[in-house]
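File shown: protein-v4.cif. Contents: mmCIF, C-alpha atoms.
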```cif
data_upload
loop_
_atom_site.label_atom_id
_atom_site.label_comp_id
_atom_site.auth_asym_id
_atom_site.auth_seq_id
_atom_site.Cartn_x
_atom_site.Cartn_y
_atom_site.Cartn_z
CA MET A 1 -6.27 -9.03 14.89
CA GLN A 2 -8.06 -6.99 12.26
CA THR A 3 -7.14 -6.10 8.69
CA VAL A 4 -8.39 -3.54 6.20
CA VAL A 5 -7.81 -4.33 2.53
CA HIS A 6 -7.68 -1.19 0.38
CA LEU A 7 -9.11 -1.91 -3.07
CA LEU A 8 -8.54 1.21 -5.17
CA SER A 9 -6.75 -0.11 -8.22
CA GLY A 10 -8.25 -0.34 -11.69
CA ASP A 11 -6.00 -3.31 -12.44
CA GLU A 12 -8.11 -6.48 -12.51
CA GLY A 13 -5.21 -8.60 -11.26
CA GLU A 14 -4.78 -6.35 -8.21
CA GLN A 15 -8.55 -6.36 -7.66
CA ASP A 16 -8.62 -10.18 -7.78
CA THR A 17 -5.65 -10.38 -5.40
CA SER A 18 -7.47 -8.05 -3.00
CA LEU A 19 -10.48 -10.37 -2.88
CA ALA A 20 -8.30 -13.51 -2.66
CA ILE A 21 -6.36 -12.02 0.25
CA ALA A 22 -9.57 -11.02 2.05
CA LYS A 23 -10.74 -14.63 1.67
CA ASN A 24 -7.42 -16.06 2.91
CA LEU A 25 -7.48 -13.75 5.92
CA VAL A 26 -10.89 -14.92 7.15
CA ALA A 27 -10.01 -18.54 6.32
CA ASP A 28 -6.78 -18.38 8.33
CA GLU A 29 -6.49 -21.49 10.44
CA SER A 30 -4.34 -19.90 13.13
CA GLY A 31 -7.44 -18.12 14.42
CA ARG A 32 -5.60 -14.83 14.75
CA ILE A 33 -7.83 -12.83 12.38
CA ASP A 34 -10.98 -11.51 14.03
CA ASP A 35 -12.23 -9.07 11.42
CA VAL A 36 -11.61 -8.09 7.80
CA ALA A 37 -12.92 -5.01 5.99
CA VAL A 38 -12.50 -4.13 2.32
CA VAL A 39 -12.65 -0.41 1.47
CA ILE A 40 -13.39 0.20 -2.21
CA GLN A 41 -12.72 3.50 -3.92
CA ALA A 42 -11.17 5.33 -6.90
CA SER A 43 -10.48 3.06 -9.90
CA GLY A 44 -11.45 0.01 -7.85
CA ILE A 45 -15.11 1.02 -7.66
CA GLU A 46 -16.20 -1.12 -10.64
CA VAL A 47 -15.91 -4.31 -8.55
CA ALA A 48 -18.73 -3.03 -6.33
CA ARG A 49 -21.26 -2.82 -9.16
CA ALA A 50 -24.14 -5.32 -8.99
CA GLY A 51 -23.93 -7.68 -11.94
CA GLY A 52 -20.25 -6.91 -12.45
CA ARG A 53 -17.53 -9.49 -12.82
CA ALA A 54 -16.85 -9.71 -9.06
CA ASP A 55 -20.48 -9.96 -7.96
CA ASP A 56 -20.48 -13.68 -7.08
CA ASP A 57 -17.11 -13.52 -5.31
CA ILE A 58 -18.08 -10.51 -3.19
CA GLN A 59 -21.42 -12.05 -2.23
CA GLU A 60 -19.53 -15.09 -0.99
CA LEU A 61 -17.12 -12.92 1.00
CA LEU A 62 -20.02 -10.96 2.50
CA ASP A 63 -21.47 -14.33 3.59
CA ASP A 64 -18.09 -15.08 5.21
CA GLY A 65 -18.55 -11.98 7.37
CA ILE A 66 -16.24 -9.58 5.54
CA ALA A 67 -17.43 -5.95 5.54
CA PHE A 68 -17.36 -4.10 2.21
CA LYS A 69 -17.41 -0.30 2.23
CA ALA A 70 -17.68 1.76 -0.97
CA CYS A 71 -16.61 5.41 -1.12
CA SER A 72 -19.45 7.87 -1.76
CA ASN A 73 -17.02 10.49 -3.09
CA THR A 74 -16.02 8.02 -5.78
CA LEU A 75 -19.63 7.10 -6.60
CA GLU A 76 -20.25 10.75 -7.51
CA THR A 77 -17.68 10.43 -10.30
CA VAL A 78 -18.99 7.28 -12.02
CA ASP A 79 -22.13 6.36 -13.97
CA PHE A 80 -23.68 4.24 -11.24
CA GLY A 81 -24.83 5.00 -7.72
CA GLU A 82 -25.49 3.54 -4.30
CA SER A 83 -28.58 1.65 -5.54
CA ASP A 84 -26.43 -0.16 -8.12
CA LEU A 85 -24.04 -1.62 -5.53
CA ILE A 86 -23.97 -5.33 -4.78
CA ASP A 87 -26.44 -6.01 -1.97
CA GLY A 88 -24.66 -5.87 1.37
CA ILE A 89 -21.98 -3.33 0.41
CA GLU A 90 -22.20 -0.29 2.69
CA THR A 91 -21.13 3.21 1.75
CA VAL A 92 -18.79 5.55 3.60
CA PRO A 93 -18.39 9.27 2.83
CA GLU A 94 -14.68 8.99 1.91
CA GLY A 95 -12.74 5.74 1.61
CA ALA A 96 -9.40 7.14 2.77
CA VAL A 97 -10.97 8.61 5.90
CA GLU A 98 -12.48 5.18 6.65
CA VAL A 99 -9.11 3.51 6.11
CA THR A 100 -7.54 6.07 8.47
CA GLN A 101 -10.23 5.45 11.08
CA LEU A 102 -9.80 1.68 10.87
CA GLN A 103 -6.01 1.88 11.24
CA THR A 104 -6.44 4.28 14.15
CA ASP A 105 -8.75 1.66 15.67
CA GLY A 106 -6.01 -0.96 15.36
CA TYR A 107 -6.58 -2.51 11.94
CA ALA A 108 -3.53 -3.51 9.91
CA TYR A 109 -3.45 -2.23 6.32
CA VAL A 110 -2.96 -4.28 3.17
CA ARG A 111 -2.88 -2.78 -0.34
CA PRO A 112 -2.63 -5.54 -2.99
CA MET B 1 -6.24 11.49 13.14
CA GLN B 2 -3.32 11.74 10.76
CA THR B 3 -2.61 10.11 7.40
CA VAL B 4 0.47 9.66 5.25
CA VAL B 5 -0.10 9.15 1.53
CA HIS B 6 2.77 7.26 -0.13
CA LEU B 7 3.24 8.49 -3.68
CA LEU B 8 5.86 6.23 -5.28
CA SER B 9 4.16 4.99 -8.42
CA GLY B 10 5.08 6.03 -11.95
CA ASP B 11 1.48 5.46 -13.04
CA GLU B 12 -0.18 8.82 -13.65
CA GLY B 13 -3.57 7.49 -12.61
CA GLU B 14 -2.19 6.35 -9.25
CA GLN B 15 -0.39 9.67 -8.87
CA ASP B 16 -3.60 11.60 -9.55
CA THR B 17 -5.51 9.38 -7.11
CA SER B 18 -2.86 10.09 -4.46
CA LEU B 19 -3.37 13.83 -4.81
CA ALA B 20 -7.18 13.52 -4.97
CA ILE B 21 -7.18 11.41 -1.79
CA ALA B 22 -4.92 13.90 0.00
CA LYS B 23 -7.40 16.64 -0.95
CA ASN B 24 -10.41 14.59 0.20
CA LEU B 25 -8.72 13.84 3.52
CA VAL B 26 -8.16 17.50 4.42
CA ALA B 27 -11.62 18.43 3.10
CA ASP B 28 -13.32 15.76 5.24
CA GLU B 29 -16.36 17.27 6.87
CA SER B 30 -16.36 14.92 9.85
CA GLY B 31 -13.43 16.87 11.28
CA ARG B 32 -11.54 13.71 12.16
CA ILE B 33 -8.46 14.41 10.01
CA ASP B 34 -5.93 16.69 11.71
CA ASP B 35 -2.93 16.28 9.44
CA VAL B 36 -2.01 14.86 6.03
CA ALA B 37 1.48 14.29 4.65
CA VAL B 38 2.44 13.09 1.17
CA VAL B 39 5.79 11.31 0.87
CA ILE B 40 7.10 11.25 -2.71
CA GLN B 41 9.79 8.87 -3.89
CA ALA B 42 10.89 6.31 -6.50
CA SER B 43 8.92 6.48 -9.77
CA GLY B 44 6.58 9.05 -8.23
CA ILE B 45 9.24 11.74 -8.05
CA GLU B 46 8.26 13.41 -11.36
CA VAL B 47 5.17 14.94 -9.74
CA ALA B 48 7.43 17.02 -7.47
CA ARG B 49 9.18 18.80 -10.34
CA ALA B 50 8.44 22.54 -10.65
CA GLY B 51 6.63 23.18 -13.91
CA GLY B 52 5.52 19.56 -14.16
CA ARG B 53 1.98 18.41 -14.80
CA ALA B 54 1.04 18.35 -11.08
CA ASP B 55 2.52 21.73 -10.18
CA ASP B 56 -0.78 23.65 -9.86
CA ASP B 57 -2.51 20.84 -7.95
CA ILE B 58 0.33 20.44 -5.46
CA GLN B 59 0.57 24.20 -4.86
CA GLU B 60 -3.13 24.18 -4.01
CA LEU B 61 -2.67 21.24 -1.63
CA LEU B 62 0.29 22.97 0.03
CA ASP B 63 -1.99 25.99 0.55
CA ASP B 64 -4.50 23.61 2.17
CA GLY B 65 -1.85 22.72 4.76
CA ILE B 66 -0.73 19.35 3.39
CA ALA B 67 2.98 18.61 3.87
CA PHE B 68 4.90 17.29 0.86
CA LYS B 69 8.20 15.47 1.44
CA ALA B 70 10.43 14.35 -1.43
CA CYS B 71 13.06 11.61 -0.99
CA SER B 72 16.65 12.80 -1.38
CA ASN B 73 17.85 9.27 -2.20
CA THR B 74 15.51 9.31 -5.19
CA LEU B 75 16.60 12.80 -6.26
CA GLU B 76 20.15 11.45 -6.67
CA THR B 77 18.89 9.10 -9.38
CA VAL B 78 17.02 11.58 -11.60
CA ASP B 79 18.02 14.55 -13.78
CA PHE B 80 16.66 17.22 -11.44
CA GLY B 81 17.51 18.22 -7.90
CA GLU B 82 16.23 19.90 -4.77
CA SER B 83 16.28 23.35 -6.40
CA ASP B 84 13.93 22.10 -9.12
CA LEU B 85 11.20 21.02 -6.69
CA ILE B 86 7.89 22.84 -6.49
CA ASP B 87 8.23 25.62 -3.90
CA GLY B 88 7.09 24.36 -0.53
CA ILE B 89 8.06 20.72 -0.99
CA GLU B 90 10.54 19.66 1.70
CA THR B 91 13.12 16.92 1.34
CA VAL B 92 13.77 13.95 3.62
CA PRO B 93 16.84 11.70 3.40
CA GLU B 94 14.85 8.53 2.61
CA GLY B 95 11.12 8.39 1.92
CA ALA B 96 10.52 4.93 3.40
CA VAL B 97 12.24 5.93 6.65
CA GLU B 98 9.97 8.99 6.83
CA VAL B 99 6.91 6.82 6.18
CA THR B 100 8.07 4.47 8.94
CA GLN B 101 8.60 7.39 11.33
CA LEU B 102 5.16 8.85 10.59
CA GLN B 103 3.41 5.50 11.12
CA THR B 104 5.37 5.01 14.34
CA ASP B 105 4.11 8.46 15.37
CA GLY B 106 0.52 7.35 14.78
CA TYR B 107 -0.16 8.24 11.15
CA ALA B 108 -2.32 5.86 9.13
CA TYR B 109 -0.88 4.75 5.78
CA VAL B 110 -2.53 4.99 2.39
CA ARG B 111 -0.92 3.81 -0.85
CA PRO B 112 -3.10 4.65 -3.87
CA MET C 1 11.58 1.23 14.40
CA GLN C 2 10.57 -1.69 12.22
CA THR C 3 9.19 -1.89 8.70
CA VAL C 4 7.50 -4.57 6.64
CA VAL C 5 7.75 -4.23 2.86
CA HIS C 6 4.88 -5.97 1.07
CA LEU C 7 6.08 -7.37 -2.26
CA LEU C 8 2.99 -8.71 -4.06
CA SER C 9 3.12 -6.96 -7.41
CA GLY C 10 3.93 -8.66 -10.71
CA ASP C 11 5.35 -5.38 -12.00
CA GLU C 12 9.14 -5.67 -12.21
CA GLY C 13 9.57 -1.96 -11.50
CA GLU C 14 7.54 -2.23 -8.30
CA GLN C 15 9.46 -5.37 -7.35
CA ASP C 16 12.80 -3.60 -7.87
CA THR C 17 11.58 -0.61 -5.87
CA SER C 18 10.57 -2.95 -3.04
CA LEU C 19 14.09 -4.39 -2.86
CA ALA C 20 15.73 -0.95 -3.20
CA ILE C 21 13.59 0.43 -0.38
CA ALA C 22 14.40 -2.55 1.85
CA LYS C 23 18.09 -1.84 1.21
CA ASN C 24 17.71 1.89 1.92
CA LEU C 25 15.87 1.15 5.16
CA VAL C 26 18.66 -1.03 6.60
CA ALA C 27 21.30 1.39 5.29
CA ASP C 28 19.63 4.38 6.95
CA GLU C 29 22.27 6.48 8.65
CA SER C 30 19.93 7.95 11.25
CA GLY C 31 19.99 4.61 13.06
CA ARG C 32 16.23 4.61 13.55
CA ILE C 33 15.53 1.37 11.67
CA ASP C 34 16.04 -1.75 13.78
CA ASP C 35 14.44 -4.40 11.60
CA VAL C 36 13.12 -4.87 8.08
CA ALA C 37 11.04 -7.77 6.76
CA VAL C 38 9.91 -8.39 3.19
CA VAL C 39 6.73 -10.45 2.77
CA ILE C 40 6.41 -11.94 -0.72
CA GLN C 41 3.15 -13.24 -2.12
CA ALA C 42 0.70 -13.23 -5.04
CA SER C 43 2.18 -11.97 -8.32
CA GLY C 44 5.38 -11.02 -6.51
CA ILE C 45 6.35 -14.63 -5.84
CA GLU C 46 8.63 -14.96 -8.89
CA VAL C 47 11.32 -12.86 -7.20
CA ALA C 48 11.71 -15.57 -4.56
CA ARG C 49 12.68 -18.27 -7.06
CA ALA C 50 16.30 -19.49 -6.85
CA GLY C 51 18.12 -18.59 -10.05
CA GLY C 52 15.56 -15.89 -10.86
CA ARG C 53 16.43 -12.33 -11.81
CA ALA C 54 16.44 -11.08 -8.19
CA ASP C 55 18.52 -13.93 -6.74
CA ASP C 56 21.77 -11.98 -6.27
CA ASP C 57 20.02 -8.89 -4.87
CA ILE C 58 18.00 -10.89 -2.35
CA GLN C 59 21.05 -12.87 -1.20
CA GLU C 60 22.78 -9.57 -0.52
CA LEU C 61 19.77 -8.26 1.42
CA LEU C 62 19.60 -11.49 3.43
CA ASP C 63 23.27 -10.93 4.31
CA ASP C 64 22.31 -7.42 5.44
CA GLY C 65 19.94 -9.00 7.98
CA ILE C 66 16.64 -8.47 6.18
CA ALA C 67 14.09 -11.26 6.70
CA PHE C 68 12.32 -12.60 3.60
CA LYS C 69 9.05 -14.49 4.04
CA ALA C 70 7.28 -16.20 1.15
CA CYS C 71 3.57 -17.08 1.28
CA SER C 72 2.84 -20.84 1.22
CA ASN C 73 -0.70 -20.22 -0.06
CA THR C 74 0.82 -18.55 -3.11
CA LEU C 75 3.39 -21.32 -3.63
CA GLU C 76 0.51 -23.77 -4.06
CA THR C 77 -0.60 -21.83 -7.14
CA VAL C 78 2.70 -21.67 -9.05
CA ASP C 79 4.99 -24.21 -10.71
CA PHE C 80 7.70 -24.10 -8.07
CA GLY C 81 7.77 -24.93 -4.39
CA GLU C 82 9.51 -24.30 -1.10
CA SER C 83 12.62 -26.22 -2.20
CA ASP C 84 13.01 -23.86 -5.18
CA LEU C 85 13.19 -20.71 -3.04
CA ILE C 86 16.39 -18.72 -2.72
CA ASP C 87 18.33 -20.09 0.27
CA GLY C 88 17.46 -18.12 3.37
CA ILE C 89 13.89 -17.21 2.43
CA GLU C 90 11.45 -18.55 5.02
CA THR C 91 7.85 -19.48 4.36
CA VAL C 92 4.73 -18.33 6.20
CA PRO C 93 1.29 -19.92 5.78
CA GLU C 94 -0.36 -16.73 4.45
CA GLY C 95 1.45 -13.51 3.59
CA ALA C 96 -1.37 -11.15 4.53
CA VAL C 97 -1.73 -12.77 7.95
CA GLU C 98 2.02 -12.30 8.49
CA VAL C 99 1.75 -8.65 7.40
CA THR C 100 -1.14 -8.20 9.83
CA GLN C 101 0.84 -9.82 12.64
CA LEU C 102 3.88 -7.65 11.98
CA GLN C 103 1.84 -4.43 11.95
CA THR C 104 0.09 -5.54 15.14
CA ASP C 105 3.58 -6.03 16.61
CA GLY C 106 4.46 -2.43 15.71
CA TYR C 107 5.96 -2.67 12.24
CA ALA C 108 5.20 0.14 9.80
CA TYR C 109 3.90 -0.94 6.37
CA VAL C 110 5.29 0.01 2.99
CA ARG C 111 3.83 -1.16 -0.32
CA PRO C 112 5.96 -0.01 -3.28
#
```

Any chance you could give the structure as structure tokens?
Amino acid sequence: MQTVVHLLSGDEGEQDTSLAIAKNLVADESGRIDDVAVVIQASGIEVARAGGRADDDIQELLDDGIAFKACSNTLETVDFGESDLIDGIETVPEGAVEVTQLQTDGYAYVRP
Amino acid sequence: MQTVVHLLSGDEGEQDTSLAIAKNLVADESGRIDDVAVVIQASGIEVARAGGRADDDIQELLDDGIAFKACSNTLETVDFGESDLIDGIETVPEGAVEVTQLQTDGYAYVRP
Amino acid sequence: MQTVVHLLSGDEGEQDTSLAIAKNLVADESGRIDDVAVVIQASGIEVARAGGRADDDIQELLDDGIAFKACSNTLETVDFGESDLIDGIETVPEGAVEVTQLQTDGYAYVRP
């Protein structure tokens, strides 16, 4: 099974829960989870910034094989760009289109 | 592909993100998005009120072909009714049943 | 049709909306809803505590045939355990894995 976690909240508690859930999904001992992606957009974008408060956690999750995808539409609205993202985070043109594509491809959706 | 945006938050930031995402979905240049619906219920219902702060934005999105569906169960709990909705917004008996139906019909789900 | 309601918010309004939506789904007069499950985890876990503010409402929803599933991973992080849950609430090892399984099995997802 596959899961996409949608991280678009500006609430730090919801952001932390998103990352904790991504970690728990890949760590699941039942072996049912094959792939986890985290799509970051809107007010959630701050977590993707290199040197930000989530940098260490996201690097660890990237090492665990989780894909992180930041929304380019959102990056146009904030004071940092693609080169300021944590190394390993990809970009996608629009986060919600990516989330739609992933669900269409069979991913379950989780919005902490 | 098709997407349903669930607008049920009383938080104005989350409401604005819901409308911005709906707009970005229909504007997607990859041509993968065929249909977008916004289901409005619970604390989100205020955005559906004619003359409210989202009136102009929603009229523009209706013109873009996005369907807006307000929950009649919610309308029974607030001080305005179906006749006070922005022109073009439909009603459905229960928003969560509509969201379930749309996902069962193949729509992806996004909850900003 | 089947729906899973994901109750993982610490916001009491969102928690109440989750329970109200679960109730509206099973009460739906169109007869399209066959099954509703509520998965409780993260900051939502307080609602599962016996004697808590949602105890009466959840007992009523259990009587209506709604399944409630609390996340064991979350229970390890709070000051109450499985024996303190409202009677009738099951546990699952990880809420997000359960939500993924249910969606993979055809459940629609709702996150109030």

Report as a PyMOL selection string the full result of the PyMOL selection byres ((chain C and resi 32) around 12) when it is applied to this structure. (chain B and resi 94+96-98+100-101+104) or (chain C and resi 1-3+25-31+33-36)

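Among the candidates B:Ala67, B:Leu7, B:Val47, B:Leu75, the residue lying nearest to chain C is B:Leu7 (atoms considered: all atoms listed in the file).
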
Output the coordinates of chain C after least-squares fitting to chain B on all in-order C-alpha pairs, as a PDB file with C-alpha atoms, in the frame of the given file.
```
ATOM      1  CA  MET C   1      -6.254  11.482  13.121  1.00  0.00           C
ATOM      2  CA  GLN C   2      -3.314  11.719  10.755  1.00  0.00           C
ATOM      3  CA  THR C   3      -2.598  10.111   7.404  1.00  0.00           C
ATOM      4  CA  VAL C   4       0.480   9.663   5.256  1.00  0.00           C
ATOM      5  CA  VAL C   5      -0.097   9.154   1.531  1.00  0.00           C
ATOM      6  CA  HIS C   6       2.768   7.272  -0.119  1.00  0.00           C
ATOM      7  CA  LEU C   7       3.242   8.496  -3.692  1.00  0.00           C
ATOM      8  CA  LEU C   8       5.869   6.229  -5.285  1.00  0.00           C
ATOM      9  CA  SER C   9       4.150   4.990  -8.418  1.00  0.00           C
ATOM     10  CA  GLY C  10       5.080   6.030 -11.952  1.00  0.00           C
ATOM     11  CA  ASP C  11       1.479   5.457 -13.020  1.00  0.00           C
ATOM     12  CA  GLU C  12      -0.171   8.826 -13.667  1.00  0.00           C
ATOM     13  CA  GLY C  13      -3.567   7.487 -12.606  1.00  0.00           C
ATOM     14  CA  GLU C  14      -2.187   6.346  -9.255  1.00  0.00           C
ATOM     15  CA  GLN C  15      -0.389   9.672  -8.866  1.00  0.00           C
ATOM     16  CA  ASP C  16      -3.610  11.602  -9.546  1.00  0.00           C
ATOM     17  CA  THR C  17      -5.505   9.387  -7.111  1.00  0.00           C
ATOM     18  CA  SER C  18      -2.858  10.081  -4.462  1.00  0.00           C
ATOM     19  CA  LEU C  19      -3.362  13.837  -4.820  1.00  0.00           C
ATOM     20  CA  ALA C  20      -7.172  13.515  -4.956  1.00  0.00           C
ATOM     21  CA  ILE C  21      -7.180  11.418  -1.788  1.00  0.00           C
ATOM     22  CA  ALA C  22      -4.913  13.900   0.002  1.00  0.00           C
ATOM     23  CA  LYS C  23      -7.396  16.631  -0.949  1.00  0.00           C
ATOM     24  CA  ASN C  24     -10.405  14.586   0.202  1.00  0.00           C
ATOM     25  CA  LEU C  25      -8.711  13.844   3.520  1.00  0.00           C
ATOM     26  CA  VAL C  26      -8.158  17.522   4.404  1.00  0.00           C
ATOM     27  CA  ALA C  27     -11.625  18.415   3.091  1.00  0.00           C
ATOM     28  CA  ASP C  28     -13.309  15.762   5.238  1.00  0.00           C
ATOM     29  CA  GLU C  29     -16.374  17.257   6.864  1.00  0.00           C
ATOM     30  CA  SER C  30     -16.370  14.910   9.846  1.00  0.00           C
ATOM     31  CA  GLY C  31     -13.434  16.862  11.262  1.00  0.00           C
ATOM     32  CA  ARG C  32     -11.536  13.702  12.151  1.00  0.00           C
ATOM     33  CA  ILE C  33      -8.461  14.406  10.014  1.00  0.00           C
ATOM     34  CA  ASP C  34      -5.928  16.682  11.702  1.00  0.00           C
ATOM     35  CA  ASP C  35      -2.926  16.280   9.430  1.00  0.00           C
ATOM     36  CA  VAL C  36      -2.007  14.855   6.042  1.00  0.00           C
ATOM     37  CA  ALA C  37       1.487  14.289   4.644  1.00  0.00           C
ATOM     38  CA  VAL C  38       2.439  13.093   1.170  1.00  0.00           C
ATOM     39  CA  VAL C  39       5.792  11.304   0.871  1.00  0.00           C
ATOM     40  CA  ILE C  40       7.096  11.242  -2.707  1.00  0.00           C
ATOM     41  CA  GLN C  41       9.790   8.868  -3.882  1.00  0.00           C
ATOM     42  CA  ALA C  42      10.883   6.325  -6.503  1.00  0.00           C
ATOM     43  CA  SER C  43       8.918   6.497  -9.765  1.00  0.00           C
ATOM     44  CA  GLY C  44       6.573   9.051  -8.216  1.00  0.00           C
ATOM     45  CA  ILE C  45       9.241  11.749  -8.054  1.00  0.00           C
ATOM     46  CA  GLU C  46       8.261  13.420 -11.349  1.00  0.00           C
ATOM     47  CA  VAL C  47       5.171  14.955  -9.739  1.00  0.00           C
ATOM     48  CA  ALA C  48       7.432  17.006  -7.469  1.00  0.00           C
ATOM     49  CA  ARG C  49       9.180  18.790 -10.339  1.00  0.00           C
ATOM     50  CA  ALA C  50       8.437  22.530 -10.654  1.00  0.00           C
ATOM     51  CA  GLY C  51       6.617  23.182 -13.914  1.00  0.00           C
ATOM     52  CA  GLY C  52       5.524  19.541 -14.143  1.00  0.00           C
ATOM     53  CA  ARG C  53       1.970  18.409 -14.785  1.00  0.00           C
ATOM     54  CA  ALA C  54       1.033  18.341 -11.072  1.00  0.00           C
ATOM     55  CA  ASP C  55       2.522  21.737 -10.176  1.00  0.00           C
ATOM     56  CA  ASP C  56      -0.769  23.647  -9.847  1.00  0.00           C
ATOM     57  CA  ASP C  57      -2.511  20.839  -7.937  1.00  0.00           C
ATOM     58  CA  ILE C  58       0.333  20.452  -5.449  1.00  0.00           C
ATOM     59  CA  GLN C  59       0.572  24.212  -4.857  1.00  0.00           C
ATOM     60  CA  GLU C  60      -3.120  24.187  -4.010  1.00  0.00           C
ATOM     61  CA  LEU C  61      -2.670  21.245  -1.626  1.00  0.00           C
ATOM     62  CA  LEU C  62       0.294  22.975   0.025  1.00  0.00           C
ATOM     63  CA  ASP C  63      -1.987  25.987   0.561  1.00  0.00           C
ATOM     64  CA  ASP C  64      -4.498  23.612   2.166  1.00  0.00           C
ATOM     65  CA  GLY C  65      -1.842  22.722   4.757  1.00  0.00           C
ATOM     66  CA  ILE C  66      -0.728  19.360   3.392  1.00  0.00           C
ATOM     67  CA  ALA C  67       2.982  18.609   3.874  1.00  0.00           C
ATOM     68  CA  PHE C  68       4.896  17.284   0.854  1.00  0.00           C
ATOM     69  CA  LYS C  69       8.183  15.461   1.434  1.00  0.00           C
ATOM     70  CA  ALA C  70      10.426  14.349  -1.419  1.00  0.00           C
ATOM     71  CA  CYS C  71      13.045  11.608  -0.988  1.00  0.00           C
ATOM     72  CA  SER C  72      16.662  12.810  -1.380  1.00  0.00           C
ATOM     73  CA  ASN C  73      17.839   9.274  -2.197  1.00  0.00           C
ATOM     74  CA  THR C  74      15.508   9.314  -5.191  1.00  0.00           C
ATOM     75  CA  LEU C  75      16.601  12.801  -6.285  1.00  0.00           C
ATOM     76  CA  GLU C  76      20.141  11.459  -6.668  1.00  0.00           C
ATOM     77  CA  THR C  77      18.888   9.101  -9.380  1.00  0.00           C
ATOM     78  CA  VAL C  78      17.023  11.578 -11.605  1.00  0.00           C
ATOM     79  CA  ASP C  79      18.008  14.543 -13.769  1.00  0.00           C
ATOM     80  CA  PHE C  80      16.670  17.210 -11.440  1.00  0.00           C
ATOM     81  CA  GLY C  81      17.506  18.219  -7.902  1.00  0.00           C
ATOM     82  CA  GLU C  82      16.229  19.893  -4.769  1.00  0.00           C
ATOM     83  CA  SER C  83      16.293  23.343  -6.401  1.00  0.00           C
ATOM     84  CA  ASP C  84      13.931  22.085  -9.129  1.00  0.00           C
ATOM     85  CA  LEU C  85      11.204  21.016  -6.689  1.00  0.00           C
ATOM     86  CA  ILE C  86       7.898  22.841  -6.499  1.00  0.00           C
ATOM     87  CA  ASP C  87       8.239  25.621  -3.903  1.00  0.00           C
ATOM     88  CA  GLY C  88       7.098  24.368  -0.530  1.00  0.00           C
ATOM     89  CA  ILE C  89       8.053  20.715  -0.976  1.00  0.00           C
ATOM     90  CA  GLU C  90      10.539  19.655   1.699  1.00  0.00           C
ATOM     91  CA  THR C  91      13.114  16.917   1.332  1.00  0.00           C
ATOM     92  CA  VAL C  92      13.753  13.944   3.612  1.00  0.00           C
ATOM     93  CA  PRO C  93      16.829  11.702   3.393  1.00  0.00           C
ATOM     94  CA  GLU C  94      14.837   8.527   2.606  1.00  0.00           C
ATOM     95  CA  GLY C  95      11.110   8.382   1.914  1.00  0.00           C
ATOM     96  CA  ALA C  96      10.515   4.942   3.404  1.00  0.00           C
ATOM     97  CA  VAL C  97      12.239   5.930   6.645  1.00  0.00           C
ATOM     98  CA  GLU C  98       9.982   9.004   6.827  1.00  0.00           C
ATOM     99  CA  VAL C  99       6.913   6.827   6.179  1.00  0.00           C
ATOM    100  CA  THR C 100       8.067   4.481   8.940  1.00  0.00           C
ATOM    101  CA  GLN C 101       8.598   7.391  11.326  1.00  0.00           C
ATOM    102  CA  LEU C 102       5.175   8.846  10.585  1.00  0.00           C
ATOM    103  CA  GLN C 103       3.405   5.513  11.127  1.00  0.00           C
ATOM    104  CA  THR C 104       5.372   5.023  14.346  1.00  0.00           C
ATOM    105  CA  ASP C 105       4.115   8.480  15.370  1.00  0.00           C
ATOM    106  CA  GLY C 106       0.523   7.344  14.780  1.00  0.00           C
ATOM    107  CA  TYR C 107      -0.163   8.238  11.164  1.00  0.00           C
ATOM    108  CA  ALA C 108      -2.317   5.850   9.142  1.00  0.00           C
ATOM    109  CA  TYR C 109      -0.876   4.754   5.774  1.00  0.00           C
ATOM    110  CA  VAL C 110      -2.533   4.985   2.389  1.00  0.00           C
ATOM    111  CA  ARG C 111      -0.929   3.813  -0.853  1.00  0.00           C
ATOM    112  CA  PRO C 112      -3.111   4.644  -3.881  1.00  0.00           C
TER     113      PRO C 112
END
```

Contacts from chain A to chain B, 10 Å maximum, all atoms listed in the file: show me the residue list as an NGL selection string. :A and (6-10 or 41-43 or 73 or 93-104 or 106-112)

Convert the current residue selection to file output with C-alpha atoms, as an mmCIF file, in the coordinates of the input.
```cif
data_model
loop_
_atom_site.group_PDB
_atom_site.id
_atom_site.type_symbol
_atom_site.label_atom_id
_atom_site.label_comp_id
_atom_site.auth_asym_id
_atom_site.auth_seq_id
_atom_site.Cartn_x
_atom_site.Cartn_y
_atom_site.Cartn_z
ATOM 1 C CA HIS A 6 -7.680 -1.190 0.380
ATOM 2 C CA LEU A 7 -9.110 -1.910 -3.070
ATOM 3 C CA LEU A 8 -8.540 1.210 -5.170
ATOM 4 C CA SER A 9 -6.750 -0.110 -8.220
ATOM 5 C CA GLY A 10 -8.250 -0.340 -11.690
ATOM 6 C CA GLN A 41 -12.720 3.500 -3.920
ATOM 7 C CA ALA A 42 -11.170 5.330 -6.900
ATOM 8 C CA SER A 43 -10.480 3.060 -9.900
ATOM 9 C CA ASN A 73 -17.020 10.490 -3.090
ATOM 10 C CA PRO A 93 -18.390 9.270 2.830
ATOM 11 C CA GLU A 94 -14.680 8.990 1.910
ATOM 12 C CA GLY A 95 -12.740 5.740 1.610
ATOM 13 C CA ALA A 96 -9.400 7.140 2.770
ATOM 14 C CA VAL A 97 -10.970 8.610 5.900
ATOM 15 C CA GLU A 98 -12.480 5.180 6.650
ATOM 16 C CA VAL A 99 -9.110 3.510 6.110
ATOM 17 C CA THR A 100 -7.540 6.070 8.470
ATOM 18 C CA GLN A 101 -10.230 5.450 11.080
ATOM 19 C CA LEU A 102 -9.800 1.680 10.870
ATOM 20 C CA GLN A 103 -6.010 1.880 11.240
ATOM 21 C CA THR A 104 -6.440 4.280 14.150
ATOM 22 C CA GLY A 106 -6.010 -0.960 15.360
ATOM 23 C CA TYR A 107 -6.580 -2.510 11.940
ATOM 24 C CA ALA A 108 -3.530 -3.510 9.910
ATOM 25 C CA TYR A 109 -3.450 -2.230 6.320
ATOM 26 C CA VAL A 110 -2.960 -4.280 3.170
ATOM 27 C CA ARG A 111 -2.880 -2.780 -0.340
ATOM 28 C CA PRO A 112 -2.630 -5.540 -2.990
#
```
